[in-house]
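A.B. asks: Just one file: coords_6.txt, with compact mmCIF, C-alpha atoms and all ligand atoms.
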```
# COMPACT_ATOMS: atom_id res chain seq x y z
CA MET A 124 202.94 230.32 297.81
CA SER A 125 201.29 233.52 296.62
CA ALA A 126 203.38 236.24 295.00
CA ARG A 127 204.48 239.02 297.35
CA ASN A 128 202.54 242.19 297.00
CA ILE A 129 204.68 245.31 296.59
CA ALA A 130 201.78 247.37 297.99
CA ARG A 131 202.65 245.82 301.38
CA PHE A 132 206.43 246.26 301.02
CA TRP A 133 206.82 247.37 304.66
CA GLU A 134 206.08 243.79 305.73
CA TRP A 135 209.09 242.44 303.82
CA GLY A 136 211.75 243.60 306.28
CA ARG A 137 213.81 245.48 303.69
CA LYS A 138 215.99 248.47 304.34
CA ILE A 139 215.06 252.14 304.61
CA ILE A 140 217.68 254.52 303.20
CA CYS A 141 217.25 258.15 304.16
CA VAL A 142 218.66 261.23 302.47
CA GLY A 143 219.31 264.25 304.68
CA ARG A 144 219.67 267.95 303.81
CA ASN A 145 218.17 267.51 300.34
CA TYR A 146 216.27 270.82 300.55
CA ALA A 147 218.34 273.97 300.96
CA ASP A 148 215.66 275.73 303.04
CA HIS A 149 215.72 272.91 305.63
CA ALA A 150 219.54 272.72 305.69
CA ILE A 151 219.56 276.48 306.38
CA GLU A 152 216.88 276.34 309.14
CA LEU A 153 219.06 273.84 311.06
CA LYS A 154 222.24 275.85 310.30
CA ASN A 155 223.76 273.03 308.25
CA ALA A 156 225.86 273.53 305.14
CA ILE A 157 224.20 272.82 301.79
CA PRO A 158 225.67 269.44 300.82
CA SER A 159 227.68 268.80 297.66
CA GLU A 160 226.97 265.05 297.97
CA PRO A 161 223.84 263.39 299.45
CA VAL A 162 223.91 262.79 303.23
CA LEU A 163 222.78 259.20 303.91
CA PHE A 164 221.59 257.31 306.98
CA LEU A 165 219.49 254.20 307.61
CA LYS A 166 216.40 253.19 309.54
CA PRO A 167 215.59 249.53 310.30
CA PRO A 168 212.28 247.99 309.13
CA SER A 169 211.12 248.04 312.78
CA ALA A 170 210.81 251.83 312.33
CA TYR A 171 207.67 251.43 310.19
CA VAL A 172 204.32 252.43 311.64
CA ARG A 173 200.99 252.50 309.83
CA GLU A 174 197.88 254.61 310.31
CA GLY A 175 195.85 253.39 313.27
CA SER A 176 198.96 252.94 315.44
CA PRO A 177 200.62 255.84 317.29
CA ILE A 178 204.04 257.41 316.89
CA LEU A 179 205.72 256.62 320.23
CA LEU A 180 207.86 259.26 321.92
CA PRO A 181 211.26 257.77 322.84
CA PHE A 182 211.86 258.17 326.60
CA TYR A 183 215.25 259.84 326.02
CA THR A 184 214.11 262.87 323.98
CA SER A 185 212.36 266.10 324.84
CA SER A 186 212.31 267.34 321.24
CA LEU A 187 210.72 264.91 318.77
CA HIS A 188 210.53 266.59 315.35
CA HIS A 189 208.37 265.77 312.34
CA GLU A 190 209.94 265.74 308.85
CA VAL A 191 207.51 265.09 305.99
CA GLU A 192 209.18 263.38 303.01
CA LEU A 193 208.43 261.64 299.73
CA GLY A 194 209.37 257.95 299.92
CA VAL A 195 210.41 256.04 296.79
CA VAL A 196 209.60 252.30 296.79
CA ILE A 197 212.05 250.16 294.82
CA GLY A 198 210.41 247.60 292.54
CA LYS A 199 213.50 246.18 290.85
CA GLY A 200 216.85 245.87 292.60
CA GLY A 201 220.24 246.73 291.23
CA THR A 202 223.80 247.92 291.80
CA ALA A 203 225.26 251.06 290.20
CA ILE A 204 221.96 251.78 288.45
CA PRO A 205 222.48 254.48 285.79
CA GLN A 206 220.44 257.67 286.15
CA SER A 207 219.04 257.11 282.66
CA SER A 208 217.23 253.91 283.70
CA ALA A 209 216.74 254.70 287.41
CA MET A 210 212.98 255.30 287.15
CA GLU A 211 212.51 251.77 285.77
CA HIS A 212 213.51 250.54 289.24
CA VAL A 213 210.71 252.47 290.99
CA ALA A 214 207.46 250.62 291.83
CA GLY A 215 205.74 253.55 293.49
CA TYR A 216 205.79 256.00 296.36
CA VAL A 217 204.65 256.55 299.94
CA LEU A 218 204.34 259.67 302.00
CA CYS A 219 206.68 259.31 304.99
CA LEU A 220 207.61 261.03 308.20
CA ASP A 221 211.26 260.92 309.22
CA MET A 222 210.63 261.31 312.96
CA THR A 223 213.76 262.72 314.58
CA ALA A 224 214.82 263.15 318.21
CA ARG A 225 216.38 266.54 317.44
CA ASP A 226 218.03 267.10 320.83
CA VAL A 227 219.67 263.67 320.58
CA GLN A 228 220.75 264.34 316.98
CA ASP A 229 222.29 267.68 318.04
CA GLU A 230 224.25 265.88 320.76
CA CYS A 231 225.39 263.15 318.32
CA LYS A 232 226.47 265.84 315.83
CA SER A 233 228.49 267.72 318.45
CA LYS A 234 230.22 264.52 319.58
CA GLY A 235 230.74 263.18 316.04
CA LEU A 236 228.58 260.13 316.82
CA PRO A 237 226.13 258.36 314.48
CA TRP A 238 222.45 259.38 314.40
CA THR A 239 220.96 255.96 315.21
CA LEU A 240 219.29 256.93 318.49
CA ALA A 241 217.93 260.11 316.93
CA LYS A 242 216.51 258.57 313.76
CA ALA A 243 216.09 254.77 313.92
CA PHE A 244 213.88 254.07 316.97
CA ASN A 245 210.59 252.12 316.81
CA THR A 246 207.84 254.11 315.00
CA SER A 247 210.35 256.62 313.57
CA CYS A 248 209.02 255.95 310.04
CA PRO A 249 205.25 256.48 309.71
CA ILE A 250 204.10 255.79 306.13
CA SER A 251 200.96 256.25 304.04
CA ASP A 252 199.31 253.69 301.81
CA PHE A 253 201.37 252.62 298.78
CA ILE A 254 200.95 254.93 295.78
CA PRO A 255 201.50 253.17 292.43
CA LYS A 256 204.05 254.88 290.17
CA GLU A 257 201.40 255.77 287.55
CA LYS A 258 199.60 258.00 290.06
CA ILE A 259 202.60 260.36 290.28
CA PRO A 260 203.85 260.86 286.70
CA ASP A 261 206.23 263.65 287.77
CA PRO A 262 207.57 262.99 291.31
CA GLY A 263 209.88 265.99 290.88
CA SER A 264 207.00 268.49 291.10
CA ILE A 265 204.51 267.48 293.78
CA ASN A 266 203.54 269.35 296.90
CA LEU A 267 204.07 267.83 300.39
CA TRP A 268 202.43 269.32 303.48
CA LEU A 269 202.17 268.55 307.18
CA LYS A 270 199.91 269.97 309.90
CA VAL A 271 200.19 269.59 313.67
CA ASN A 272 196.79 269.89 315.39
CA ASP A 273 195.43 271.50 312.19
CA ILE A 274 198.17 274.14 311.95
CA VAL A 275 200.29 274.01 308.79
CA LYS A 276 203.97 273.52 309.64
CA GLN A 277 205.50 272.22 306.40
CA ASN A 278 204.49 272.87 302.81
CA GLY A 279 207.09 272.34 300.11
CA SER A 280 207.51 271.15 296.55
CA THR A 281 209.75 268.25 295.55
CA SER A 282 210.99 270.60 292.80
CA GLN A 283 213.17 272.12 295.56
CA MET A 284 215.18 268.90 296.03
CA ILE A 285 218.91 269.42 295.58
CA PHE A 286 219.46 265.84 294.32
CA SER A 287 216.76 264.35 292.04
CA ILE A 288 215.30 260.87 292.45
CA PRO A 289 217.33 259.41 289.51
CA TYR A 290 220.50 260.99 290.93
CA LEU A 291 219.78 259.49 294.37
CA ILE A 292 219.03 256.00 292.98
CA ASN A 293 222.32 256.08 291.06
CA TYR A 294 224.33 257.48 293.98
CA ILE A 295 222.90 255.11 296.62
CA SER A 296 223.06 251.97 294.47
CA GLU A 297 226.78 252.53 293.78
CA ILE A 298 227.35 252.13 297.54
CA ILE A 299 224.42 250.03 298.82
CA SER A 300 222.75 247.65 296.36
CA LEU A 301 219.02 248.31 296.13
CA GLU A 302 216.54 245.45 296.51
CA GLU A 303 212.86 245.08 295.69
CA GLY A 304 210.91 246.45 298.66
CA ASP A 305 213.57 248.93 299.81
CA LEU A 306 212.42 252.47 300.57
CA ILE A 307 214.31 255.72 299.96
CA LEU A 308 213.29 258.77 302.01
CA THR A 309 214.19 261.81 299.93
CA GLY A 310 214.58 264.52 302.59
CA THR A 311 212.37 267.17 304.12
CA PRO A 312 211.53 270.78 303.23
CA LYS A 313 211.65 273.52 305.88
CA GLY A 314 209.22 273.89 308.79
CA VAL A 315 210.24 271.03 311.10
CA SER A 316 209.08 271.49 314.70
CA SER A 317 208.66 269.47 317.85
CA VAL A 318 205.55 267.47 318.76
CA GLN A 319 204.07 266.47 322.11
CA GLU A 320 202.12 263.55 323.51
CA GLN A 321 198.52 263.57 322.15
CA ASP A 322 199.35 265.83 319.17
CA GLU A 323 197.73 264.88 315.89
CA LEU A 324 199.91 264.93 312.77
CA GLN A 325 198.23 265.08 309.40
CA ALA A 326 200.25 265.01 306.19
CA GLY A 327 199.48 264.79 302.50
CA ILE A 328 200.53 265.02 298.89
CA ASP A 329 198.14 267.40 297.12
CA GLY A 330 195.49 265.43 295.23
CA ILE A 331 197.08 262.02 295.96
CA VAL A 332 197.09 260.91 299.60
CA THR A 333 196.60 262.03 303.20
CA MET A 334 197.47 260.31 306.46
CA THR A 335 196.93 260.96 310.18
CA PHE A 336 199.01 259.84 313.16
CA LYS A 337 198.68 260.49 316.88
CA VAL A 338 201.73 260.95 319.12
CA ASP A 339 201.72 258.88 322.30
CA ARG A 340 204.01 257.75 325.06
CA LYS A 341 204.76 254.07 325.46
CA SER A 342 202.54 252.77 328.29
O1 LIG A 401 217.88 265.48 310.31
C1 LIG A 401 217.97 266.19 309.29
O2 LIG A 401 217.66 267.37 309.29
C2 LIG A 401 218.39 265.56 308.01
C3 LIG A 401 217.22 264.97 307.36
O3 LIG A 401 216.76 263.90 307.70
C4 LIG A 401 216.53 265.72 306.30
O4 LIG A 401 217.01 266.77 305.87
O5 LIG A 401 215.46 265.26 305.87
MG MG A 402 214.76 263.59 307.02
```
Could you render the structure as structure tokens?
C.D. replies:
Amino acid sequence: MSARNIARFWEWGRKIICVGRNYADHAIELKNAIPSEPVLFLKPPSAYVREGSPILLPFYTSSLHHEVELGVVIGKGGTAIPQSSAMEHVAGYVLCLDMTARDVQDECKSKGLPWTLAKAFNTSCPISDFIPKEKIPDPGSINLWLKVNDIVKQNGSTSQMIFSIPYLINYISEIISLEEGDLILTGTPKGVSSVQEQDELQAGIDGIVTMTFKVDRKS
């Protein structure tokens, strides 16, 4: 049997752990409090979608939002990983979209219900090609951007994150053990907005990667 290739981690069926409200400007735009601890939720591996396939609008939303985020791919698992060695557990990165049915999330929030329908549906996690760790020596100071139909909507630096990548790896792994092939979505900067059928989403990390996805309705 050939060794598994971390560059195709999305095929392994591992978990996707998402951090919410990790940028103050995005917490403020949605009128949420700035968190004192990371806000966590999960997506299943069936949320992955790769370039060439569309992002499918769930039938139950009329406000599908884009959230561009840096994804951290775990290369070495662990429990209660100390911050000081956290980066040794990182294999690389991907650019991600945390697609969110915002109207459904608002309803869940008002009823005190979990965000599963808003965040975890099929194609809710578009990802770029795998970016080896060496290509991003300082993941705490890169620029993420997203355009809808060529109009810039999001443009933010990971230096604005409230909780750093080592902090998040330590915090998460105290609660949920991390495994090789897991992905951590680190939160979105401000500028989220809703997309429609046939819109084209383009996103990138300056100088590193770009990706393009079309929005479609399930036929
Ligand atoms: O739904 C939200 O706004 C929380 C979230 O995922 C983020 O901040 O990236
Ligand atoms: Mg998000």
A.B. asks: Could you give me the residues within 6 Å of ligand LIG 401 (chain A), counting all atoms listed in the file, as a list in words?
C.D. replies: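 What falls inside 6 Å of ligand LIG 401 (chain A) is Gly143, Arg144, Asn145, Gly310 and Thr311 of chain A.
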A.B. asks: Mind writing the picked residues with C-alpha atoms as a tab-separated table (two decimals), keeping the file's coordinate frame?
C.D. replies:
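Result file follows (part_22.tsv):
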```
chain	number	residue	atom	x	y	z
A	143	GLY	CA	219.31	264.25	304.68
A	144	ARG	CA	219.67	267.95	303.81
A	145	ASN	CA	218.17	267.51	300.34
A	310	GLY	CA	214.58	264.52	302.59
A	311	THR	CA	212.37	267.17	304.12
```
A.B. asks: Please extract the residues at most 9 Å from ligand MG 402 (chain A), counting all atoms listed in the file, and provide them as a compact mmCIF listing (two decimals) with C-alpha atoms, keeping the file's coordinate frame, using the chain letters and residue numbers of this document.
C.D. replies:
```
# COMPACT_ATOMS: atom_id res chain seq x y z
CA CYS A 141 217.25 258.15 304.16
CA VAL A 142 218.66 261.23 302.47
CA GLY A 143 219.31 264.25 304.68
CA ARG A 144 219.67 267.95 303.81
CA ASN A 145 218.17 267.51 300.34
CA HIS A 189 208.37 265.77 312.34
CA GLU A 190 209.94 265.74 308.85
CA VAL A 191 207.51 265.09 305.99
CA GLU A 192 209.18 263.38 303.01
CA LEU A 220 207.61 261.03 308.20
CA ASP A 221 211.26 260.92 309.22
CA MET A 222 210.63 261.31 312.96
CA THR A 223 213.76 262.72 314.58
CA LYS A 242 216.51 258.57 313.76
CA LEU A 308 213.29 258.77 302.01
CA THR A 309 214.19 261.81 299.93
CA GLY A 310 214.58 264.52 302.59
CA THR A 311 212.37 267.17 304.12
CA PRO A 312 211.53 270.78 303.23
```
A.B. asks: Could you give me, as a PyMOL selection string, the residues within 9 Å of Met210 (chain A), counting only C-alpha atoms and dropping anything in the same chain fewer than 6 positions from it?
C.D. replies: chain A and resi 288-289+292
A.B. asks: Please produce an output containing C-alpha atoms for each residue in the selection, written as a PDB file, keeping the file's coordinate frame.
C.D. replies:
```pdb
ATOM      1  CA  ILE A 288     215.300 260.870 292.450  1.00  0.00           C
ATOM      2  CA  PRO A 289     217.330 259.410 289.510  1.00  0.00           C
ATOM      3  CA  ILE A 292     219.030 256.000 292.980  1.00  0.00           C
TER       4      ILE A 292
END
```
A.B. asks: Extract, using only C-alpha atoms, all DNA, RNA and protein residues at most 9 Å from Met334 (chain A), discarding same-chain residues fewer than 2 positions from it, and format them as an MDAnalysis selection string.
C.D. replies: chainID A and resid 174 218 250:252 324:327 332 336
A.B. asks: Would you mind exporting C-alpha atoms of the selected residues as a PDB file, keeping the file's coordinate frame?
C.D. replies:
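Final file, selection-v6.pdb:
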```pdb
ATOM      1  CA  GLU A 174     197.880 254.610 310.310  1.00  0.00           C
ATOM      2  CA  LEU A 218     204.340 259.670 302.000  1.00  0.00           C
ATOM      3  CA  ILE A 250     204.100 255.790 306.130  1.00  0.00           C
ATOM      4  CA  SER A 251     200.960 256.250 304.040  1.00  0.00           C
ATOM      5  CA  ASP A 252     199.310 253.690 301.810  1.00  0.00           C
ATOM      6  CA  LEU A 324     199.910 264.930 312.770  1.00  0.00           C
ATOM      7  CA  GLN A 325     198.230 265.080 309.400  1.00  0.00           C
ATOM      8  CA  ALA A 326     200.250 265.010 306.190  1.00  0.00           C
ATOM      9  CA  GLY A 327     199.480 264.790 302.500  1.00  0.00           C
ATOM     10  CA  VAL A 332     197.090 260.910 299.600  1.00  0.00           C
ATOM     11  CA  PHE A 336     199.010 259.840 313.160  1.00  0.00           C
TER      12      PHE A 336
END
```
A.B. asks: Just how far from CA of Asp273 (chain A) is CA of Lys337 (chain A), in Å to one decimal?
C.D. replies: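 Computed distance, CA of Lys337 (chain A) to CA of Asp273 (chain A), equals 12.4 Å.
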A.B. asks: Smallest atom-to-atom distance to Gln206 (chain A): which of A:His188, A:Leu291, A:Val318, A:Val338, using all atoms listed in the file?
C.D. replies: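 Ranked by minimum distance to Gln206 (chain A), first place goes to A:Leu291.
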A.B. asks: Around the point (199.6, 258.8, 289.1) in the file's coordinates, collect all residues with an atom within 12 Å, using all atoms listed in the file, and return them as a list in words.
C.D. replies: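 Within 12 Å of (199.6, 258.8, 289.1), the protein and nucleic acid residues are Ala214, Gly215, Tyr216, Phe253, Ile254, Pro255, Lys256, Glu257, Lys258, Ile259, Pro260, Asp261, Pro262, Ile265, Ile328, Asp329, Gly330, Ile331 and Val332 of chain A.
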A.B. asks: Would you save the residues of that selection, restricted to C-alpha atoms, as a PDB file, in the frame of the given file?
C.D. replies:
```pdb
ATOM      1  CA  ALA A 214     207.460 250.620 291.830  1.00  0.00           C
ATOM      2  CA  GLY A 215     205.740 253.550 293.490  1.00  0.00           C
ATOM      3  CA  TYR A 216     205.790 256.000 296.360  1.00  0.00           C
ATOM      4  CA  PHE A 253     201.370 252.620 298.780  1.00  0.00           C
ATOM      5  CA  ILE A 254     200.950 254.930 295.780  1.00  0.00           C
ATOM      6  CA  PRO A 255     201.500 253.170 292.430  1.00  0.00           C
ATOM      7  CA  LYS A 256     204.050 254.880 290.170  1.00  0.00           C
ATOM      8  CA  GLU A 257     201.400 255.770 287.550  1.00  0.00           C
ATOM      9  CA  LYS A 258     199.600 258.000 290.060  1.00  0.00           C
ATOM     10  CA  ILE A 259     202.600 260.360 290.280  1.00  0.00           C
ATOM     11  CA  PRO A 260     203.850 260.860 286.700  1.00  0.00           C
ATOM     12  CA  ASP A 261     206.230 263.650 287.770  1.00  0.00           C
ATOM     13  CA  PRO A 262     207.570 262.990 291.310  1.00  0.00           C
ATOM     14  CA  ILE A 265     204.510 267.480 293.780  1.00  0.00           C
ATOM     15  CA  ILE A 328     200.530 265.020 298.890  1.00  0.00           C
ATOM     16  CA  ASP A 329     198.140 267.400 297.120  1.00  0.00           C
ATOM     17  CA  GLY A 330     195.490 265.430 295.230  1.00  0.00           C
ATOM     18  CA  ILE A 331     197.080 262.020 295.960  1.00  0.00           C
ATOM     19  CA  VAL A 332     197.090 260.910 299.600  1.00  0.00           C
TER      20      VAL A 332
END
```
A.B. asks: Taking only C-alpha atoms into account, which of A:Phe164, A:Phe132, A:Tyr171, A:Tyr146 comes nearest Gly198 (chain A)?
C.D. replies: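 Checking each of A:Phe164, A:Phe132, A:Tyr171, A:Tyr146 against Gly198 (chain A), counting only C-alpha atoms, the winner is A:Phe132.
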A.B. asks: CA of Leu306 (chain A) and CA of Ile285 (chain A), how far apart in Å?
C.D. replies: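 Between CA of Ile285 (chain A) and CA of Leu306 (chain A) the gap works out to 18.8 Å.
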A.B. asks: Grab the CA of Trp133 (chain A) to CA of Leu180 (chain A) distance for me, in Å with one decimal place.
C.D. replies: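 Atom-to-atom, CA of Trp133 (chain A) and CA of Leu180 (chain A) are spaced 21.0 Å apart.
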A.B. asks: Extract, using all atoms listed in the file, all DNA, RNA and protein residues at most 6 Å from Thr246 (chain A), discarding same-chain residues fewer than 5 positions from it, and format them as a list in words.
C.D. replies: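 Contacts, in chain order: Ala170, Tyr171, Val172 and Ile178 of chain A.
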A.B. asks: Quick one: of A:Ile204, A:Val196, A:Ile274, A:Ile139, who's nearest to Tyr290 (chain A), counting all atoms listed in the file?
C.D. replies: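 Closest to Tyr290 (chain A), using all atoms listed in the file: A:Ile204.
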